[in-house]
file run05.pdb (PDB, C-alpha atoms, pLDDT in the B column)
ATOM      1  CA  MET A   1      -8.241 -14.923  -0.537  1.00 75.00           C
ATOM      2  CA  ALA A   2      -9.303 -18.247  -2.004  1.00 75.00           C
ATOM      3  CA  SER A   3     -12.925 -17.076  -1.952  1.00 80.00           C
ATOM      4  CA  TRP A   4     -12.222 -13.772  -3.690  1.00 86.00           C
ATOM      5  CA  SER A   5     -14.321 -12.968  -6.726  1.00 88.00           C
ATOM      6  CA  ALA A   6     -12.883 -12.319 -10.168  1.00 91.00           C
ATOM      7  CA  TRP A   7     -13.683  -8.637  -9.696  1.00 92.00           C
ATOM      8  CA  ARG A   8     -11.434  -8.511  -6.615  1.00 92.00           C
ATOM      9  CA  TRP A   9      -8.549 -10.133  -8.492  1.00 94.00           C
ATOM     10  CA  ILE A  10      -8.986  -7.722 -11.398  1.00 95.00           C
ATOM     11  CA  THR A  11      -8.928  -4.839  -8.908  1.00 95.00           C
ATOM     12  CA  ALA A  12      -5.774  -6.263  -7.294  1.00 95.00           C
ATOM     13  CA  LEU A  13      -4.061  -6.502 -10.692  1.00 97.00           C
ATOM     14  CA  ALA A  14      -5.097  -2.986 -11.719  1.00 97.00           C
ATOM     15  CA  GLY A  15      -4.033  -1.625  -8.318  1.00 96.00           C
ATOM     16  CA  THR A  16      -0.665  -3.366  -8.616  1.00 97.00           C
ATOM     17  CA  ILE A  17      -0.022  -1.840 -12.034  1.00 98.00           C
ATOM     18  CA  ALA A  18      -1.138   1.615 -10.870  1.00 97.00           C
ATOM     19  CA  ALA A  19       1.009   1.463  -7.727  1.00 95.00           C
ATOM     20  CA  ALA A  20       4.016   0.275  -9.746  1.00 96.00           C
ATOM     21  CA  LEU A  21       3.686   3.311 -12.004  1.00 95.00           C
ATOM     22  CA  ILE A  22       2.868   5.762  -9.192  1.00 93.00           C
ATOM     23  CA  VAL A  23       5.977   4.708  -7.248  1.00 93.00           C
ATOM     24  CA  GLY A  24       8.225   3.762 -10.158  1.00 93.00           C
ATOM     25  CA  VAL A  25       7.941   6.805 -12.431  1.00 92.00           C
ATOM     26  CA  PRO A  26       8.680   9.629  -9.944  1.00 89.00           C
ATOM     27  CA  THR A  27      11.507   7.663  -8.320  1.00 90.00           C
ATOM     28  CA  GLY A  28      13.196   6.906 -11.652  1.00 90.00           C
ATOM     29  CA  ILE A  29      12.931   3.124 -11.315  1.00 93.00           C
ATOM     30  CA  VAL A  30      10.803   3.130 -14.457  1.00 92.00           C
ATOM     31  CA  PRO A  31      12.839   5.077 -17.039  1.00 89.00           C
ATOM     32  CA  THR A  32      10.807   7.802 -18.740  1.00 89.00           C
ATOM     33  CA  SER A  33      11.466  11.057 -20.524  1.00 89.00           C
ATOM     34  CA  PHE A  34       9.705  12.900 -17.679  1.00 84.00           C
ATOM     35  CA  TYR A  35      12.369  12.301 -15.064  1.00 79.00           C
ATOM     36  CA  ARG A  36      16.026  11.354 -14.947  1.00 83.00           C
ATOM     37  CA  ARG A  37      17.392   9.891 -11.739  1.00 87.00           C
ATOM     38  CA  MET A  38      20.692  11.423 -10.547  1.00 87.00           C
ATOM     39  CA  THR A  39      21.915   8.298  -8.723  1.00 89.00           C
ATOM     40  CA  PRO A  40      21.759   4.744 -10.068  1.00 91.00           C
ATOM     41  CA  VAL A  41      18.909   2.462  -9.078  1.00 92.00           C
ATOM     42  CA  LEU A  42      20.241   0.024  -6.480  1.00 92.00           C
ATOM     43  CA  TRP A  43      19.592  -3.741  -6.526  1.00 94.00           C
ATOM     44  CA  TRP A  44      17.257  -3.642  -3.508  1.00 94.00           C
ATOM     45  CA  ASN A  45      15.072  -0.893  -5.035  1.00 94.00           C
ATOM     46  CA  TYR A  46      13.482  -3.371  -7.467  1.00 96.00           C
ATOM     47  CA  PRO A  47      12.210  -5.956  -4.948  1.00 96.00           C
ATOM     48  CA  VAL A  48      10.954  -3.223  -2.575  1.00 96.00           C
ATOM     49  CA  TRP A  49       9.225  -1.482  -5.471  1.00 96.00           C
ATOM     50  CA  MET A  50       7.559  -4.674  -6.732  1.00 97.00           C
ATOM     51  CA  ALA A  51       6.514  -5.831  -3.238  1.00 96.00           C
ATOM     52  CA  THR A  52       5.078  -2.353  -2.610  1.00 95.00           C
ATOM     53  CA  ALA A  53       3.077  -2.545  -5.831  1.00 96.00           C
ATOM     54  CA  MET A  54       1.756  -6.051  -5.114  1.00 97.00           C
ATOM     55  CA  LEU A  55       0.790  -5.305  -1.507  1.00 95.00           C
ATOM     56  CA  SER A  56      -0.858  -2.036  -2.580  1.00 95.00           C
ATOM     57  CA  GLY A  57      -2.931  -3.897  -5.173  1.00 95.00           C
ATOM     58  CA  LEU A  58      -3.971  -6.535  -2.648  1.00 94.00           C
ATOM     59  CA  ILE A  59      -4.895  -3.909  -0.047  1.00 93.00           C
ATOM     60  CA  LEU A  60      -6.949  -2.061  -2.669  1.00 92.00           C
ATOM     61  CA  ALA A  61      -8.760  -5.292  -3.563  1.00 92.00           C
ATOM     62  CA  THR A  62      -9.917  -5.697   0.048  1.00 88.00           C
ATOM     63  CA  TYR A  63     -12.015  -2.552  -0.417  1.00 87.00           C
ATOM     64  CA  VAL A  64     -14.089  -4.232  -3.141  1.00 85.00           C
ATOM     65  CA  ARG A  65     -17.378  -5.106  -1.520  1.00 77.00           C
ATOM     66  CA  SER A  66     -18.226  -8.736  -0.955  1.00 70.00           C
ATOM     67  CA  ARG A  67     -21.629 -10.199  -0.112  1.00 61.00           C
ATOM     68  CA  SER A  68     -20.816 -11.881   3.169  1.00 53.00           C
ATOM     69  CA  SER A  69     -18.248  -9.806   4.976  1.00 53.00           C
ATOM     70  CA  SER A  70     -16.874  -6.438   5.877  1.00 53.00           C
ATOM     71  CA  ALA A  71     -13.226  -5.621   6.468  1.00 57.00           C
ATOM     72  CA  ALA A  72     -11.694  -3.738   9.349  1.00 57.00           C
ATOM     73  CA  PRO A  73     -10.688  -0.198   8.391  1.00 61.00           C
ATOM     74  CA  SER A  74      -6.982   0.452   7.914  1.00 63.00           C
ATOM     75  CA  ARG A  75      -5.114   3.630   7.037  1.00 70.00           C
ATOM     76  CA  ILE A  76      -1.666   2.147   7.469  1.00 76.00           C
ATOM     77  CA  GLY A  77      -1.497   1.327   3.759  1.00 74.00           C
ATOM     78  CA  ILE A  78      -1.400   4.960   2.620  1.00 76.00           C
ATOM     79  CA  GLY A  79       1.373   5.937   5.030  1.00 81.00           C
ATOM     80  CA  SER A  80       3.431   2.882   4.188  1.00 86.00           C
ATOM     81  CA  ASN A  81       3.145   3.695   0.475  1.00 85.00           C
ATOM     82  CA  ALA A  82       4.519   7.174   1.131  1.00 85.00           C
ATOM     83  CA  LEU A  83       7.352   5.655   3.163  1.00 88.00           C
ATOM     84  CA  SER A  84       8.100   3.264   0.308  1.00 90.00           C
ATOM     85  CA  LEU A  85       8.283   6.185  -2.109  1.00 86.00           C
ATOM     86  CA  LEU A  86      10.904   7.805   0.126  1.00 88.00           C
ATOM     87  CA  ALA A  87      12.774   4.512   0.475  1.00 91.00           C
ATOM     88  CA  VAL A  88      13.241   3.759  -3.224  1.00 92.00           C
ATOM     89  CA  GLY A  89      13.608   7.352  -4.406  1.00 89.00           C
ATOM     90  CA  CYS A  90      16.830   9.025  -5.453  1.00 89.00           C
ATOM     91  CA  PRO A  91      18.399  10.442  -2.253  1.00 89.00           C
ATOM     92  CA  VAL A  92      19.685  13.646  -3.887  1.00 89.00           C
ATOM     93  CA  CYS A  93      16.469  14.232  -5.863  1.00 86.00           C
ATOM     94  CA  ASN A  94      14.324  14.590  -2.737  1.00 84.00           C
ATOM     95  CA  LYS A  95      14.082  18.307  -2.019  1.00 87.00           C
ATOM     96  CA  LEU A  96      12.965  17.777   1.583  1.00 87.00           C
ATOM     97  CA  VAL A  97      16.022  15.635   2.310  1.00 90.00           C
ATOM     98  CA  ILE A  98      18.329  18.134   0.594  1.00 91.00           C
ATOM     99  CA  MET A  99      16.812  21.025   2.594  1.00 93.00           C
ATOM    100  CA  THR A 100      17.159  19.069   5.831  1.00 91.00           C
ATOM    101  CA  VAL A 101      20.613  17.490   5.572  1.00 93.00           C
ATOM    102  CA  GLY A 102      22.152  18.854   2.358  1.00 93.00           C
ATOM    103  CA  VAL A 103      23.569  16.894  -0.568  1.00 92.00           C
ATOM    104  CA  THR A 104      26.381  15.349   1.471  1.00 93.00           C
ATOM    105  CA  GLY A 105      23.912  14.321   4.184  1.00 92.00           C
ATOM    106  CA  ALA A 106      21.556  12.897   1.556  1.00 92.00           C
ATOM    107  CA  LEU A 107      24.300  10.617   0.281  1.00 93.00           C
ATOM    108  CA  ASN A 108      25.980   9.840   3.623  1.00 94.00           C
ATOM    109  CA  VAL A 109      23.014   9.826   6.043  1.00 93.00           C
ATOM    110  CA  TRP A 110      19.768   9.400   4.084  1.00 92.00           C
ATOM    111  CA  ALA A 111      20.913   6.848   1.476  1.00 93.00           C
ATOM    112  CA  PRO A 112      22.144   4.293   4.065  1.00 95.00           C
ATOM    113  CA  ILE A 113      18.795   4.315   5.930  1.00 95.00           C
ATOM    114  CA  GLN A 114      16.657   3.943   2.808  1.00 95.00           C
ATOM    115  CA  PRO A 115      16.768   0.104   2.848  1.00 95.00           C
ATOM    116  CA  VAL A 116      15.552   0.175   6.460  1.00 95.00           C
ATOM    117  CA  LEU A 117      12.718   2.515   5.455  1.00 94.00           C
ATOM    118  CA  GLY A 118      11.821   0.103   2.648  1.00 94.00           C
ATOM    119  CA  LEU A 119      11.697  -2.828   5.060  1.00 95.00           C
ATOM    120  CA  ILE A 120       9.576  -0.860   7.549  1.00 94.00           C
ATOM    121  CA  SER A 121       7.252   0.168   4.724  1.00 94.00           C
ATOM    122  CA  LEU A 122       6.759  -3.427   3.573  1.00 95.00           C
ATOM    123  CA  CYS A 123       6.140  -4.614   7.134  1.00 94.00           C
ATOM    124  CA  LEU A 124       3.505  -1.903   7.631  1.00 93.00           C
ATOM    125  CA  MET A 125       1.812  -2.787   4.348  1.00 93.00           C
ATOM    126  CA  ALA A 126       1.790  -6.487   5.208  1.00 94.00           C
ATOM    127  CA  ALA A 127       0.263  -5.632   8.606  1.00 91.00           C
ATOM    128  CA  ALA A 128      -2.397  -3.462   6.927  1.00 89.00           C
ATOM    129  CA  PHE A 129      -3.247  -6.260   4.496  1.00 91.00           C
ATOM    130  CA  ARG A 130      -3.416  -8.798   7.311  1.00 90.00           C
ATOM    131  CA  GLN A 131      -5.696  -6.479   9.314  1.00 87.00           C
ATOM    132  CA  ARG A 132      -8.030  -6.077   6.348  1.00 86.00           C
ATOM    133  CA  LEU A 133      -8.208  -9.855   5.790  1.00 85.00           C
ATOM    134  CA  LYS A 134      -8.693 -10.526   9.483  1.00 83.00           C
ATOM    135  CA  GLY A 135     -11.615  -8.089   9.534  1.00 74.00           C
ATOM    136  CA  GLU A 136     -13.251  -9.916   6.638  1.00 71.00           C
ATOM    137  CA  ARG A 137     -13.101 -13.248   8.439  1.00 62.00           C
ATOM    138  CA  SER A 138     -14.267 -12.027  11.842  1.00 52.00           C
ATOM    139  CA  CYS A 139     -16.828  -9.329  11.046  1.00 49.00           C
ATOM    140  CA  ALA A 140     -19.482 -11.000   8.979  1.00 51.00           C
ATOM    141  CA  VAL A 141     -22.309  -8.697   8.039  1.00 51.00           C
ATOM    142  CA  GLY A 142     -25.606  -9.692   9.620  1.00 56.00           C
ATOM    143  CA  VAL A 143     -29.098  -9.330   8.272  1.00 55.00           C
ATOM    144  CA  PRO A 144     -30.145  -5.676   8.600  1.00 55.00           C
ATOM    145  CA  LEU A 145     -33.025  -4.928  10.930  1.00 55.00           C
ATOM    146  CA  SER A 146     -36.060  -3.013   9.877  1.00 59.00           C
ATOM    147  CA  LYS A 147     -36.444   0.499  11.289  1.00 58.00           C
ATOM    148  CA  ASP A 148     -39.605  -0.706  12.980  1.00 60.00           C
ATOM    149  CA  LEU A 149     -37.702  -3.343  14.964  1.00 57.00           C
ATOM    150  CA  ILE A 150     -34.995  -1.068  16.361  1.00 60.00           C
ATOM    151  CA  GLY A 151     -35.370  -0.715  20.103  1.00 59.00           C
ATOM    152  CA  THR A 152     -37.495  -3.816  20.538  1.00 58.00           C
ATOM    153  CA  VAL A 153     -36.542  -6.852  22.597  1.00 57.00           C
ATOM    154  CA  ALA A 154     -35.630  -9.985  20.662  1.00 56.00           C
ATOM    155  CA  SER A 155     -38.750 -11.805  21.924  1.00 57.00           C
ATOM    156  CA  GLU A 156     -40.973  -9.047  20.492  1.00 57.00           C
ATOM    157  CA  ARG A 157     -39.464  -9.372  17.000  1.00 52.00           C
ATOM    158  CA  GLY A 158     -41.330 -12.630  16.424  1.00 55.00           C
TER
END
call {"tool": "encode", "arguments": {"input": "run05.pdb", "output": "structure tokens"}}
result
Amino acid sequence: MASWSAWRWITALAGTIAAALIVGVPTGIVPTSFYRRMTPVLWWNYPVWMATAMLSGLILATYVRSRSSSAAPSRIGIGSNALSLLAVGCPVCNKLVIMTVGVTGALNVWAPIQPVLGLISLCLMAAAFRQRLKGERSCAVGVPLSKDLIGTVASERG
């Protein structure tokens, strides 16, 4: 990350802000007139929300092209963002949870496992970010070959 360009850091910052809004507004962590949360925001929702936003921004920044490397593909980041949304969201506002376990189940079953889902989400995002960085360090892009040289032996390339 020390060798990242300014463009990558700008992308990371913009991605962090976007992710904070994308997760924070529909879950009611960011108060707006669009949505009112039915249960109070818990203390652990804030650090999970902010860590999700920062890791999402950093993962997004790894997709900015650099001159000397290519990163390993990773789709874990998208799934872990969805899991984070479920973790910090209002348990009785989630229609899928209400349909599955009812309001009582949402408060007595779903709400207690939300911190675990948040932790799993952050671990998956950290793993996705690590995989992307590892791919940048180990998969340097070589000089492209000309179409005319494909299929020739190295000694014939002269």
call {"tool": "closest_residue", "arguments": {"input": "run05.pdb", "among": "A:Ile59, A:Met38, A:Leu13, A:Leu122", "to": "Cys93 in chain A", "atoms": "only C-alpha atoms"}}
result
A:Met38
call {"tool": "atom_distance", "arguments": {"input": "run05.pdb", "atom1": "CA of Ala87 in chain A", "atom2": "CA of Val116 in chain A"}}
result
7.9 Å
call {"tool": "residues_around", "arguments": {"input": "run05.pdb", "residues": "Leu85 in chain A", "least_positions_apart": "4", "cutoff": "10 Å", "atoms": "all atoms listed in the file", "output": "list of chain:residue names"}}
result
A:Ile22, A:Val23, A:Gly24, A:Pro26, A:Thr27, A:Val48, A:Trp49, A:Thr52, A:Gly79, A:Ser80, A:Asn81, A:Gly89, A:Cys90, A:Gln114, A:Leu117, A:Gly118, A:Ser121
call {"tool": "closest_residue", "arguments": {"input": "run05.pdb", "among": "A:Thr62, A:Ile76, A:Gly15, A:Val88", "to": "Val30 in chain A", "atoms": "all atoms listed in the file"}}
result
A:Val88
call {"tool": "resolve_selection", "arguments": {"input": "run05.pdb", "expression": "the PyMOL selection byres ((chain A and resi 57) around 12)", "output": "number ranges by chain"}}
result
A: 8-22, 50-56, 58-64, 77-78, 81, 125-126, 129
call {"tool": "atom_distance", "arguments": {"input": "run05.pdb", "atom1": "CA of Asn45 in chain A", "atom2": "CA of Leu133 in chain A"}}
result
27.2 Å
call {"tool": "resolve_selection", "arguments": {"input": "run05.pdb", "expression": "the PyMOL selection byres ((chain A and resi 41) around 8)", "output": "short mmCIF file (atom, residue, chain, number, x, y, z; two decimals) with C-alpha atoms, keeping the file's coordinate frame"}}
result
data_model
loop_
_atom_site.label_atom_id
_atom_site.label_comp_id
_atom_site.auth_asym_id
_atom_site.auth_seq_id
_atom_site.Cartn_x
_atom_site.Cartn_y
_atom_site.Cartn_z
CA GLY A 28 13.20 6.91 -11.65
CA ILE A 29 12.93 3.12 -11.32
CA THR A 39 21.92 8.30 -8.72
CA PRO A 40 21.76 4.74 -10.07
CA LEU A 42 20.24 0.02 -6.48
CA TRP A 43 19.59 -3.74 -6.53
CA ASN A 45 15.07 -0.89 -5.04
CA CYS A 90 16.83 9.02 -5.45
#
call {"tool": "atom_distance", "arguments": {"input": "run05.pdb", "atom1": "CA of Leu119 in chain A", "atom2": "CA of Thr32 in chain A"}}
result
26.1 Å
call {"tool": "axis_aligned_box", "arguments": {"input": "run05.pdb", "around": "range 26-44 of chain A", "padding_each_side": "5 Å", "output": "lines of an AutoDock Vina configuration file"}}
result
center_x = 15.3
center_y = 4.6
center_z = -12.0
size_x = 23.2
size_y = 26.6
size_z = 27.0
call {"tool": "residues_around", "arguments": {"input": "run05.pdb", "residues": "Ala106 in chain A", "least_positions_apart": "4", "cutoff": "12 Å", "atoms": "all atoms listed in the file", "output": "PDB file with C-alpha atoms, in the frame of the given file"}}
result
ATOM      1  CA  THR A  39      21.915   8.298  -8.723  1.00 89.00           C
ATOM      2  CA  LEU A  86      10.904   7.805   0.126  1.00 88.00           C
ATOM      3  CA  GLY A  89      13.608   7.352  -4.406  1.00 89.00           C
ATOM      4  CA  CYS A  90      16.830   9.025  -5.453  1.00 89.00           C
ATOM      5  CA  PRO A  91      18.399  10.442  -2.253  1.00 89.00           C
ATOM      6  CA  VAL A  92      19.685  13.646  -3.887  1.00 89.00           C
ATOM      7  CA  CYS A  93      16.469  14.232  -5.863  1.00 86.00           C
ATOM      8  CA  ASN A  94      14.324  14.590  -2.737  1.00 84.00           C
ATOM      9  CA  LYS A  95      14.082  18.307  -2.019  1.00 87.00           C
ATOM     10  CA  LEU A  96      12.965  17.777   1.583  1.00 87.00           C
ATOM     11  CA  VAL A  97      16.022  15.635   2.310  1.00 90.00           C
ATOM     12  CA  ILE A  98      18.329  18.134   0.594  1.00 91.00           C
ATOM     13  CA  MET A  99      16.812  21.025   2.594  1.00 93.00           C
ATOM     14  CA  THR A 100      17.159  19.069   5.831  1.00 91.00           C
ATOM     15  CA  VAL A 101      20.613  17.490   5.572  1.00 93.00           C
ATOM     16  CA  GLY A 102      22.152  18.854   2.358  1.00 93.00           C
ATOM     17  CA  TRP A 110      19.768   9.400   4.084  1.00 92.00           C
ATOM     18  CA  ALA A 111      20.913   6.848   1.476  1.00 93.00           C
ATOM     19  CA  PRO A 112      22.144   4.293   4.065  1.00 95.00           C
ATOM     20  CA  ILE A 113      18.795   4.315   5.930  1.00 95.00           C
ATOM     21  CA  GLN A 114      16.657   3.943   2.808  1.00 95.00           C
TER      22      GLN A 114
END
call {"tool": "closest_residue", "arguments": {"input": "run05.pdb", "among": "A:Ser33, A:Leu107, A:Ala82, A:Trp7", "to": "Arg65 in chain A", "atoms": "only C-alpha atoms"}}
result
A:Trp7
